[in-house]
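This report concerns only the one structure given below.
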Amino acid sequence: MEVPEELEIRQKFPNWYDWIKPIRLEDIKHGIASYIALPKQINSDFFKMPFGDVERDVFSEDWKLPENWKEIFLDAFRETLDKNRAFKLFLDICVRCGACGDKCHYYLGTGDPKNMPVMRAEVIRTVYRYYFTKFGRLFGKFGGARPVDENVIKEWYYYLYQCTLCRRCGLFCPYGIDNAEIIWWARRILQRIGLHQRFMCISIEASARTGNHLGLYPGGMVGSLEMACDELKDITGFDLYAWVNKKGADALFVPPSGDYFAVPHWYTFLGYIVLLNELENRYGITVTWSTYASEGGNFGTFHSYEAAQLLNSKIYKEAKRLGVKFIIGGECGHMWRDKHQFINTMNVPPDHDEWKRFWEDPDLGQISDKLRGIRLDEFISGESGWIHVLEFVAALIHYKKLDVDKSRNDHWRATLHDPCNLARGVGMLDEQRFVLRSVMNHFYEMPEHTIREKTYCCAAGGVYLGDEMMELRVRGCLPRMMALRYVVKKYGVNIMLTPCAIDRAQFPHMLEYWKIPAEIGGICEMVGNAIVLRSFGEKPEDRKYDMRGTPIREEE
Amino acid sequence: MGMIEYFFGFVLPYIALAIFIVGVIYRIVEWARSPIPLNIVITAGQKKSFSFLKRNIHDKIDDPMSNLGVIVRMFFEVFLMRSLFRNTRFYYDKMTNVDTRWLWFFTMAFHYSLLIILIRHLRFFTNPVPDLVKMIDWMDGMLKFWVPPIYVTGILVLVSLAFLWGRRIVLSRERCISLPSDHFALFLFAVILITGTLMRYFFKIDIPSVKTLALGLVTFTPPPYEVLKNIHWLFYVHITFVSILIAYIPFSKLMHFAGIFLSPTRNMANSTRVKRHVNPWDPNPEWPILVREGITVAGVTYKSKKVDWDTYYEMYKDQLDEVAEKGYKIGGG
């Protein structure tokens with residue numbers, strides 16, 4: 001999908017009696033609309049959804065809805081209201097103060113009034129009022145209510161899939177109305193009549209089948225790790241390795257699967273391996289990867305409760321099978337909302353002996369005497385068992401358990417993009433800053449309204465990495481790109497680091513479009529550069545290349 | 001003719017109050033009946049981490065880890081509108097966000113003025129008037145250049161109402177998102193506040209008669225008709241619109257006063273990695289819903305295939321055996 005060189009943001013402000021009319025077919029735009037999932041994704045044995053056996057085209061007149069779709073739709077609506085207090089409450093209490101309006105990156109980028117979070121929710125609320133409130137039924141249009149018809153369904157689909165569930169609006173809402181929650185559960189209603197977004201379903205189906213979104217078979221994943229070890233031999237000069245499916249390891253390592261292949265994720269992937277090798281050879285902490293639970297990311301968290309549960313159920317099962325003590329998660333945004341808030345609700349945490357014994361006294365001294373004092377129970381318990389790799393690295397660096405050489409990153413001047421879910425779903429803000437300040441000398445923050453809990457979404461999270469919505473991605477990325485441009489000009493920043501795999505997939509395209517001279521990377525890439533592999537006999541000055549294979553120091 | 005005065009002055013307020021009480025309870029029970037499947041707290045600060053990562057006071061307020069922390073957060077949310085205080089405005093010309101606290105200021109002014117006005121009104125409903133009410137009344141009426149003294153809140157509430165309504169009319173984005181019901185709520189407030197102001201400063205209202213009626217309402221004793229007859233018609237407009245407003249609350253967005261206390265993004269602790277949140281309709285999920293029972297729509301059940309380790313192993317046996325042959329070790333020279 002080609003995006004025009006010049007984009008115009010035309011803000012339109014129709015009155016309520018205009019926008020309450022649903023959109024027409026010609027309003028569904030190429031470059032913005034997501035394709036509807038195909039039977040091979042949603043009628044698969046591994047991911048079977050109602051009415052998934054029909055091929056549907058988002059740009060066609062006829063969406064081939066099931067015969068009694070209205071009944072099914074309203075039943076699903078009622079069920080959702082009964083199953084989720086937040087959904088019901090948030091539909092009721094919005095006062096339309098407009099505080100969320102210009103907080104949405106998609107609204108800022110498109111100017112489409114229905115992309116204001118309040119209006120995107122209003123697309124749903126108008127239908128809710130008609131069927132589930134007395135005043136809505138009584139006053140109809142004047143009560144802000146409308147009955148559902150096929151065009152309304154199209155409008156739902158079109159706008160529900162222009163939200164990345166980043167929850168920036170929910171931060172600013174005086175009642176804490178989380179529009180992401182409304183959108184997420186409304187998507188679930190659409191799924192009951194066969195409408196799913198294609199891009200996320202490709203990955204969900206693949207993950208249900210193979211264990212990761214990319215659909216990598218065990219051989220593919222192993223090949224990837226082999227290649228990484230080969231490359232690290234050239235970079236570090238040492239024979240590094242990785243464990244896969246190893247029973248009796250101390251910890252399970254679960255990264256987002258983008259890290260196995262894509263660039264620039266790859267350099268982060270190399271960073272993980274460097275870190276894990278130093279951990280094992282210096283402290284005897286064995287960390288294994290798994291082919292069965294090879295995906296930390298969870299596109300189900302953008303689809304529905306049930307799909308999210310289908311995907312994240314494998315990880316605890318694998319932790320139990322391998323008999324690990326705890327789980328380390330890689331750098332990913334939405335994955336961490338899933339691992340922090342969802343996984344131990346959607347699944348029963350493991351209860352095998354090794355796990356239980358460790359979490360009775362979760363001191364890393366149990367594994368290695370030299371790590372005594374690093375206690376995971378300062379903020380984690382065995383009811384979750386997950387630790388973020390950067391939390392882990394922050395502790396190791398703070399307690400001086402890793403030797404780092406900051407000067408190896410001197411060729412980078414970095415800034416940090418906070419992934420939305422990590423900031424607003426987990427509350428992890430300072431760990432990555434602590435790590436970055438410890439492993440590099442040049443680190444600069446972007447403007448304060450675009451970082452930390454106020455961070456802007458990359459406009460591709462949840463899940464807009466498809467080519468067909470490239471214009472939407474480019475437009476939604478505008479606020480972030482402007483913030484980046486500011487630090488590039490002011491501080492000469494040449495890399496934006498982000499602990500999120502979707503960001504790393506999205507930003508390179510965006511930098512190209514917005515013509516910003518910078519690179520994208522992960523934080524473990526910088527960690528990998530800086531770690532002195534002391535257990536392998538490395539000295540700080542030994543390392544000649546960084547994870548990208550470029551020389552660290554200029555030849556004198 | 002006495003019937004009309006009795007209806008608007010003595011009957012309608014009871015009807016409205018009854019609708020209000022029953023309606024509000026009904027709505028809250030309706031909300032509370034639905035479970036909270038997931039912990040969806042929005043964290044607005046650094047979470048608790050290893051002890052060397054210190055959290056400042058903002059982090060502790062905005063990212064509570066305990067129930068006590070939640071109470072503190074809700075206090076700031078309800079009484080100080082902390083989230084609205086965060087508000088910014090995006091300017092396209094400079095591509096930057098700027099802190100804008102006008103909305104916060106006038107919202108605070110509006111709500112607190114209403115609260116104080118409500119407390120001041122207690123002097124009609126109590127006999128003798130409590131000292132606290134008297135004191136608030138005296139403090140509020142500091143501007144003594146008019147007879148009777150001018151209430152600060154009386155001015156503030158009108159100014160903030162004008163701001164809050166004005167932005168819905170003047171600003172294009174706010175005009176766009178405003179529904180008739182939004183204007184209706186503001187209209188009710190406008191009528192109530194303006195008639196109240198007129199009665200205090202410009203029209204002669206027989207205060208003792210109003211007080212007799214108000215006390216009659218509290219004690220369920222209808223006042224004699226002479227008392228009702230003495231009261232200016234503006235008062236009947238005032239009390240009628242108050243009744244409409246009270247009765248309208250349970251059916252409208254004005255329920256936000258109760259809803260905020262139930263808002264799961266604010267009233268939950270960010271403690272999921274310490275304590276498991278249990279989903280009431282899926283409390284003990286040994287296997288995911290999709291493979292356990294599937295989704296049933298229109299009588300047909302759609303079930304996904306269960307991929308446990310054994311199934312997975314069967315599917316990719318050769319490749320997994322190869323990993324085992326390598327001793328589960330990849331690389332290493």
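Please note that chains go A, B, ... in the order of the structure tokens, that every chain numbers its residues from 1, and that ligands are numbered from 1 in the order shown.
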As an mmCIF file with N, CA and C atoms, in the first residue's frame, please: the residues near Ile231 in chain B (cut-off 8 Å, only C-alpha atoms, same-chain neighbours under 6 positions excluded).
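As a result, part39.cif now contains:
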```cif
data_model
loop_
_atom_site.group_PDB
_atom_site.id
_atom_site.type_symbol
_atom_site.label_atom_id
_atom_site.label_comp_id
_atom_site.auth_asym_id
_atom_site.auth_seq_id
_atom_site.Cartn_x
_atom_site.Cartn_y
_atom_site.Cartn_z
ATOM 1 N N ILE B 205 -38.727 37.294 47.926
ATOM 2 C CA ILE B 205 -39.260 35.974 48.251
ATOM 3 C C ILE B 205 -39.527 35.946 49.743
ATOM 4 N N ASP B 206 -40.652 35.363 50.091
ATOM 5 C CA ASP B 206 -40.977 35.280 51.505
ATOM 6 C C ASP B 206 -40.230 34.096 52.125
ATOM 7 N N SER B 209 -41.848 31.628 54.665
ATOM 8 C CA SER B 209 -42.771 30.669 54.052
ATOM 9 C C SER B 209 -42.008 29.528 53.400
ATOM 10 N N VAL B 210 -40.908 29.889 52.693
ATOM 11 C CA VAL B 210 -40.100 28.848 52.061
ATOM 12 C C VAL B 210 -39.574 27.909 53.121
#
```
Residues within 10 Å of range 63-78 of chain B, only C-alpha atoms, excluding chain neighbours under 3 positions, as a PyMOL selection string: (chain A and resi 174-176+379+424+426-427) or (chain B and resi 41-48+55+57-60+81-85+257+260-261+263+266-272+274)
Contacts of range 155-166 of chain B at 6 Å (only C-alpha atoms; same-chain gap of 3+ positions) as number ranges by chain: B: 106, 110, 113, 152, 169-170
Residues of the last selection are to be written out with C-alpha atoms, as a JSON list (two decimals), in the first residue's frame.
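Output saved as result_23.json:
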```json
[["chain", "number", "residue", "atom", "x", "y", "z"],
["B", 106, "PHE", "CA", -13.86, 25.20, 36.09],
["B", 110, "PHE", "CA", -18.55, 23.98, 39.45],
["B", 113, "SER", "CA", -19.67, 25.44, 44.38],
["B", 152, "VAL", "CA", -18.81, 33.74, 46.18],
["B", 169, "ILE", "CA", -21.23, 25.58, 21.98],
["B", 170, "VAL", "CA", -18.17, 27.53, 20.90]]
```
Test item, helix (DSSP H, G or I) assignment across range 415-533 of chain A, answer as JSON, numbers by chain: {"A": [420, 421, 422, 423, 424, 425, 426, 430, 431, 432, 433, 434, 435, 436, 437, 438, 439, 448, 449, 450, 452, 453, 454, 467, 468, 469, 470, 471, 472, 473, 474, 475, 476, 478, 479, 480, 481, 482, 483, 484, 485, 486, 487, 488, 489, 490, 491, 501, 502, 503, 504, 505, 506, 507, 508, 509, 510, 511, 512, 513, 514, 523, 524, 525, 526, 527, 528, 529, 530]}
Using the selection just defined, write its residues with C-alpha atoms as an mmCIF file, in the first residue's frame.
```
data_model
loop_
_atom_site.group_PDB
_atom_site.id
_atom_site.type_symbol
_atom_site.label_atom_id
_atom_site.label_comp_id
_atom_site.auth_asym_id
_atom_site.auth_seq_id
_atom_site.Cartn_x
_atom_site.Cartn_y
_atom_site.Cartn_z
ATOM 1 C CA CYS A 420 2.066 1.947 25.907
ATOM 2 C CA ASN A 421 1.198 -1.300 27.646
ATOM 3 C CA LEU A 422 4.406 -1.401 29.619
ATOM 4 C CA ALA A 423 3.796 2.138 30.838
ATOM 5 C CA ARG A 424 0.053 2.110 31.465
ATOM 6 C CA GLY A 425 -0.569 -1.594 31.919
ATOM 7 C CA VAL A 426 2.396 -2.622 34.025
ATOM 8 C CA ASP A 430 12.253 3.379 35.567
ATOM 9 C CA GLU A 431 13.782 -0.064 35.083
ATOM 10 C CA GLN A 432 14.582 0.530 31.444
ATOM 11 C CA ARG A 433 15.918 4.002 32.222
ATOM 12 C CA PHE A 434 18.093 2.619 34.975
ATOM 13 C CA VAL A 435 19.458 -0.023 32.631
ATOM 14 C CA LEU A 436 20.076 2.439 29.823
ATOM 15 C CA ARG A 437 21.867 4.916 32.043
ATOM 16 C CA SER A 438 24.001 2.061 33.307
ATOM 17 C CA VAL A 439 25.024 0.698 29.941
ATOM 18 C CA GLU A 448 7.725 15.106 28.791
ATOM 19 C CA HIS A 449 4.209 14.796 27.374
ATOM 20 C CA THR A 450 5.269 11.962 25.110
ATOM 21 C CA ARG A 452 6.467 7.634 30.657
ATOM 22 C CA GLU A 453 2.792 7.113 31.401
ATOM 23 C CA LYS A 454 1.845 9.732 28.809
ATOM 24 C CA ASP A 467 0.493 -3.284 4.726
ATOM 25 C CA GLU A 468 -3.138 -2.567 3.935
ATOM 26 C CA MET A 469 -3.431 -0.026 6.757
ATOM 27 C CA MET A 470 -0.127 1.686 6.055
ATOM 28 C CA GLU A 471 -1.668 5.122 5.762
ATOM 29 C CA LEU A 472 -3.295 4.728 9.153
ATOM 30 C CA ARG A 473 0.029 3.641 10.616
ATOM 31 C CA VAL A 474 1.887 6.553 9.119
ATOM 32 C CA ARG A 475 -0.694 9.037 10.299
ATOM 33 C CA GLY A 476 -0.990 7.587 13.778
ATOM 34 C CA LEU A 478 2.840 11.423 13.729
ATOM 35 C CA PRO A 479 3.010 12.496 17.408
ATOM 36 C CA ARG A 480 5.756 10.037 18.204
ATOM 37 C CA MET A 481 7.759 10.967 15.117
ATOM 38 C CA MET A 482 7.507 14.667 15.930
ATOM 39 C CA ALA A 483 8.771 14.000 19.445
ATOM 40 C CA LEU A 484 11.634 11.966 18.017
ATOM 41 C CA ARG A 485 12.467 14.623 15.476
ATOM 42 C CA TYR A 486 12.740 17.093 18.320
ATOM 43 C CA VAL A 487 15.426 15.108 20.151
ATOM 44 C CA VAL A 488 17.197 14.198 16.924
ATOM 45 C CA LYS A 489 17.601 17.892 16.183
ATOM 46 C CA LYS A 490 18.303 18.989 19.711
ATOM 47 C CA TYR A 491 20.622 16.279 20.989
ATOM 48 C CA ALA A 501 8.705 -5.924 19.404
ATOM 49 C CA ILE A 502 5.795 -4.285 17.608
ATOM 50 C CA ASP A 503 7.504 -0.909 17.945
ATOM 51 C CA ARG A 504 10.656 -2.344 16.469
ATOM 52 C CA ALA A 505 8.674 -3.666 13.529
ATOM 53 C CA GLN A 506 6.734 -0.447 13.021
ATOM 54 C CA PHE A 507 9.250 2.329 13.515
ATOM 55 C CA PRO A 508 11.782 1.551 10.771
ATOM 56 C CA HIS A 509 9.043 2.056 8.153
ATOM 57 C CA MET A 510 7.904 5.197 9.879
ATOM 58 C CA LEU A 511 11.389 6.692 10.046
ATOM 59 C CA GLU A 512 11.664 6.096 6.345
ATOM 60 C CA TYR A 513 8.377 7.797 5.642
ATOM 61 C CA TRP A 514 8.874 10.716 8.006
ATOM 62 C CA ILE A 523 17.409 -2.214 25.074
ATOM 63 C CA CYS A 524 18.956 -5.652 25.386
ATOM 64 C CA GLU A 525 20.954 -4.801 22.273
ATOM 65 C CA MET A 526 22.724 -2.103 24.277
ATOM 66 C CA VAL A 527 22.989 -4.478 27.226
ATOM 67 C CA GLY A 528 24.541 -7.079 24.945
ATOM 68 C CA ASN A 529 27.051 -4.543 23.702
ATOM 69 C CA ALA A 530 28.004 -3.440 27.165
#
```
Among listed residues A:Pro4, A:Gly373, A:Gly466, A:Pro264, nearest chain B (using only C-alpha atoms): A:Gly373
Tell me which of A:Asn15, A:Thr110, A:Asn494, A:Asn298 sits closest to chain B, counting only C-alpha atoms.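 Using only C-alpha atoms, chain B sits closest to A:Asn15.
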Contacts of range 22-36 of chain B at 12 Å (only C-alpha atoms; same-chain gap of 3+ positions) as a compact mmCIF listing (two decimals) with N, CA and C atoms, in the first residue's frame:
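Full text of part_4.txt as output:
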```txt
# COMPACT_ATOMS: atom_id res chain seq x y z
N ARG A 78 -25.62 -8.53 25.14
CA ARG A 78 -26.17 -8.74 26.49
C ARG A 78 -25.20 -9.55 27.34
N GLU A 79 -24.64 -10.56 26.72
CA GLU A 79 -23.71 -11.42 27.45
C GLU A 79 -22.50 -10.62 27.93
N THR A 80 -22.01 -9.74 27.04
CA THR A 80 -20.84 -8.94 27.41
C THR A 80 -21.16 -8.02 28.57
N LEU A 81 -22.36 -7.43 28.54
CA LEU A 81 -22.76 -6.55 29.65
C LEU A 81 -22.81 -7.33 30.95
N ASP A 82 -23.25 -8.57 30.86
CA ASP A 82 -23.36 -9.39 32.07
C ASP A 82 -22.01 -9.91 32.54
N LYS A 83 -21.06 -9.97 31.61
CA LYS A 83 -19.78 -10.58 31.96
C LYS A 83 -18.72 -9.59 32.37
N ASN A 84 -18.93 -8.32 32.08
CA ASN A 84 -17.87 -7.36 32.33
C ASN A 84 -18.42 -6.04 32.86
N ARG A 85 -18.16 -5.80 34.12
CA ARG A 85 -18.64 -4.57 34.74
C ARG A 85 -18.07 -3.34 34.05
N ALA A 86 -16.79 -3.40 33.72
CA ALA A 86 -16.14 -2.24 33.13
C ALA A 86 -16.86 -1.82 31.86
N PHE A 87 -17.21 -2.78 31.03
CA PHE A 87 -17.86 -2.49 29.76
C PHE A 87 -19.18 -1.75 29.99
N LYS A 88 -19.96 -2.26 30.90
CA LYS A 88 -21.26 -1.68 31.20
C LYS A 88 -21.10 -0.29 31.80
N LEU A 89 -20.24 -0.21 32.79
CA LEU A 89 -20.03 1.05 33.50
C LEU A 89 -19.54 2.14 32.55
N PHE A 90 -18.57 1.78 31.72
CA PHE A 90 -17.96 2.78 30.85
C PHE A 90 -18.94 3.24 29.76
N LEU A 91 -19.87 2.37 29.40
CA LEU A 91 -20.88 2.81 28.45
C LEU A 91 -21.85 3.78 29.11
N ASP A 92 -22.01 3.67 30.42
CA ASP A 92 -23.00 4.49 31.11
C ASP A 92 -22.50 5.86 31.54
N ILE A 93 -21.27 5.94 32.04
CA ILE A 93 -20.94 7.14 32.81
C ILE A 93 -20.18 8.21 32.04
N THR A 133 -31.08 0.90 27.16
CA THR A 133 -31.50 1.95 28.10
C THR A 133 -32.90 2.43 27.72
N GLU A 181 -10.91 -0.98 26.80
CA GLU A 181 -11.74 -2.06 27.33
C GLU A 181 -13.07 -2.14 26.57
N THR A 345 -4.70 -14.77 35.65
CA THR A 345 -6.14 -14.84 35.81
C THR A 345 -6.71 -15.85 34.83
N ILE B 15 -41.76 12.57 44.88
CA ILE B 15 -41.70 11.64 43.74
C ILE B 15 -40.29 11.60 43.18
N ALA B 16 -39.71 12.81 43.00
CA ALA B 16 -38.38 12.89 42.43
C ALA B 16 -37.37 12.18 43.31
N LEU B 17 -37.49 12.44 44.61
CA LEU B 17 -36.53 11.83 45.52
C LEU B 17 -36.65 10.31 45.51
N ALA B 18 -37.89 9.84 45.43
CA ALA B 18 -38.10 8.39 45.39
C ALA B 18 -37.47 7.81 44.14
N ILE B 19 -37.72 8.46 43.00
CA ILE B 19 -37.12 7.97 41.76
C ILE B 19 -35.60 7.98 41.88
N ASN B 39 -8.06 -7.75 35.91
CA ASN B 39 -7.56 -6.53 36.54
C ASN B 39 -7.08 -5.61 35.42
N ILE B 40 -7.74 -4.47 35.27
CA ILE B 40 -7.39 -3.58 34.17
C ILE B 40 -6.95 -2.22 34.67
N VAL B 41 -6.31 -2.20 35.83
CA VAL B 41 -5.88 -0.91 36.39
C VAL B 41 -4.97 -0.19 35.39
N ILE B 246 -33.23 15.84 39.87
CA ILE B 246 -33.01 14.71 40.78
C ILE B 246 -33.55 13.42 40.18
N ALA B 247 -34.73 13.54 39.57
CA ALA B 247 -35.33 12.34 38.99
C ALA B 247 -34.59 11.89 37.73
N TYR B 248 -33.95 12.85 37.07
CA TYR B 248 -33.27 12.55 35.81
C TYR B 248 -31.93 11.85 36.04
N ILE B 249 -31.34 12.11 37.19
CA ILE B 249 -29.99 11.59 37.45
C ILE B 249 -29.82 10.09 37.17
N PRO B 250 -30.70 9.23 37.72
CA PRO B 250 -30.45 7.79 37.52
C PRO B 250 -30.50 7.35 36.05
N PHE B 251 -31.12 8.14 35.21
CA PHE B 251 -31.27 7.73 33.81
C PHE B 251 -30.18 8.31 32.92
N SER B 252 -29.27 9.04 33.50
CA SER B 252 -28.40 9.85 32.65
C SER B 252 -26.94 9.68 33.01
N LYS B 253 -26.14 10.42 32.26
CA LYS B 253 -24.71 10.43 32.52
C LYS B 253 -24.36 11.04 33.87
N LEU B 254 -25.36 11.71 34.50
CA LEU B 254 -25.08 12.30 35.80
C LEU B 254 -24.79 11.24 36.85
N MET B 255 -25.06 9.97 36.48
CA MET B 255 -24.68 8.87 37.35
C MET B 255 -23.17 8.77 37.54
N HIS B 256 -22.44 9.58 36.82
CA HIS B 256 -20.98 9.49 36.96
C HIS B 256 -20.53 9.73 38.40
N PHE B 257 -21.37 10.40 39.18
CA PHE B 257 -20.96 10.66 40.58
C PHE B 257 -20.82 9.35 41.36
N ALA B 258 -21.61 8.35 40.97
CA ALA B 258 -21.49 7.06 41.65
C ALA B 258 -20.55 6.14 40.87
N GLY B 259 -20.58 6.27 39.55
CA GLY B 259 -19.81 5.36 38.70
C GLY B 259 -18.32 5.43 38.95
N ILE B 260 -17.83 6.61 39.26
CA ILE B 260 -16.38 6.74 39.42
C ILE B 260 -15.85 5.84 40.52
N PHE B 261 -16.68 5.58 41.54
CA PHE B 261 -16.21 4.73 42.62
C PHE B 261 -16.06 3.28 42.18
N LEU B 262 -16.76 2.92 41.11
CA LEU B 262 -16.69 1.54 40.65
C LEU B 262 -15.74 1.37 39.47
N SER B 263 -15.10 2.43 39.05
CA SER B 263 -14.29 2.38 37.84
C SER B 263 -13.05 1.49 38.03
N PRO B 264 -13.01 0.35 37.33
CA PRO B 264 -11.94 -0.62 37.61
C PRO B 264 -10.54 -0.15 37.23
N THR B 265 -10.43 0.84 36.36
CA THR B 265 -9.08 1.29 36.02
C THR B 265 -8.50 2.15 37.13
N ASN B 267 -9.91 1.87 40.64
CA ASN B 267 -10.11 1.35 42.00
C ASN B 267 -9.51 -0.04 42.22
N MET B 268 -8.61 -0.45 41.35
CA MET B 268 -7.94 -1.72 41.56
C MET B 268 -6.46 -1.48 41.85
N HIS B 277 -5.57 -12.40 40.35
CA HIS B 277 -6.95 -11.92 40.27
C HIS B 277 -7.81 -13.05 39.71
N VAL B 278 -8.89 -13.37 40.39
CA VAL B 278 -9.73 -14.50 39.95
C VAL B 278 -10.91 -13.98 39.14
N ASN B 279 -11.09 -14.55 37.97
CA ASN B 279 -12.24 -14.21 37.14
C ASN B 279 -13.44 -15.04 37.57
N PRO B 280 -14.50 -14.40 38.06
CA PRO B 280 -15.63 -15.16 38.61
C PRO B 280 -16.27 -16.14 37.62
N TRP B 281 -16.23 -15.82 36.32
CA TRP B 281 -16.85 -16.78 35.40
C TRP B 281 -15.85 -17.70 34.74
N ASP B 282 -14.62 -17.66 35.20
CA ASP B 282 -13.62 -18.61 34.70
C ASP B 282 -12.58 -18.79 35.80
N PRO B 283 -13.03 -19.30 36.97
CA PRO B 283 -12.18 -19.22 38.16
C PRO B 283 -10.99 -20.17 38.15
```
Under the rule that only C-alpha atoms are counted, which of A:Val348, A:Ile183, A:Met221, A:Leu322 is the nearest residue to chain B?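 Between A:Val348, A:Ile183, A:Met221, A:Leu322, the residue approaching chain B most closely is A:Val348.
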Hey, which of B:Trp104, B:Tyr151, B:Phe203, B:Phe189 ends up closest to chain A? Count only C-alpha atoms. B:Trp104
Using DSSP on the backbone, list every residue of range 252-406 of chain A that comes out as strand (DSSP E or B), and give them as a short mmCIF file (atom, residue, chain, number, x, y, z; two decimals) with C-alpha atoms, in the first residue's frame.
```
data_model
loop_
_atom_site.label_atom_id
_atom_site.label_comp_id
_atom_site.auth_asym_id
_atom_site.auth_seq_id
_atom_site.Cartn_x
_atom_site.Cartn_y
_atom_site.Cartn_z
CA LEU A 252 12.24 -20.36 31.12
CA PHE A 253 12.94 -17.50 28.75
CA VAL A 254 10.02 -16.29 26.66
CA VAL A 287 17.87 -20.49 31.29
CA THR A 288 16.10 -22.44 28.58
CA TRP A 289 14.09 -21.38 25.58
CA PHE A 326 10.53 -18.88 37.37
CA ILE A 327 9.96 -17.30 33.98
CA ILE A 328 11.89 -14.46 32.38
CA GLY A 329 9.99 -12.47 29.76
CA ASP A 363 16.14 -15.38 46.78
CA ARG A 375 15.00 -11.20 46.11
CA TRP A 386 7.20 -13.69 35.76
CA ILE A 387 10.09 -11.28 35.76
CA HIS A 388 10.88 -8.86 32.97
CA VAL A 404 29.48 -3.51 31.91
#
```
Between CA of Arg56 in chain A and CA of Asp149 in chain A - distance in Å to one decimal: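 We find that CA of Asp149 in chain A and CA of Arg56 in chain A lie 17.3 Å from each other.
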What lies within 9 Å of Lys204 in chain B using only C-alpha atoms, ignoring chain neighbours under 4 positions off, as number ranges by chain? B: 199-200, 232
Take the residues that were just selected and, keeping N, CA and C atoms, output them as a JSON list (two decimals), in the first residue's frame.
```
[["chain", "number", "residue", "atom", "x", "y", "z"],
["B", 199, "MET", "N", -33.97, 34.85, 42.80],
["B", 199, "MET", "CA", -34.74, 34.90, 44.03],
["B", 199, "MET", "C", -33.96, 35.55, 45.16],
["B", 200, "ARG", "N", -32.66, 35.31, 45.18],
["B", 200, "ARG", "CA", -31.89, 35.87, 46.30],
["B", 200, "ARG", "C", -31.69, 37.37, 46.15],
["B", 232, "HIS", "N", -43.32, 33.23, 45.93],
["B", 232, "HIS", "CA", -43.24, 33.74, 44.56],
["B", 232, "HIS", "C", -43.20, 32.57, 43.55]]
```
Two-atom distance - CA of Arg129 in chain A, CA of Ala145 in chain A (Å):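 Taking CA of Arg129 in chain A and CA of Ala145 in chain A, their separation equals 5.2 Å.
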Residue contacts of range 219-224 of chain B (10 Å, only C-alpha atoms) excluding same-chain residues fewer than 5 positions away, as a PyMOL selection string: chain B and resi 6+9-11+14+125+209-210+212-214+229
Of the candidates A:Met428, A:Leu270, A:Leu195, A:Leu190, which one gets nearest to Ser224 in chain A if we count only C-alpha atoms?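 Among the listed residues, A:Leu270 lies closest to Ser224 in chain A.
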Computed interatomic separation between CA of Met200 in chain A and CA of Val263 in chain A (Å):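 That distance, rounded to one decimal, is 20.1 Å.
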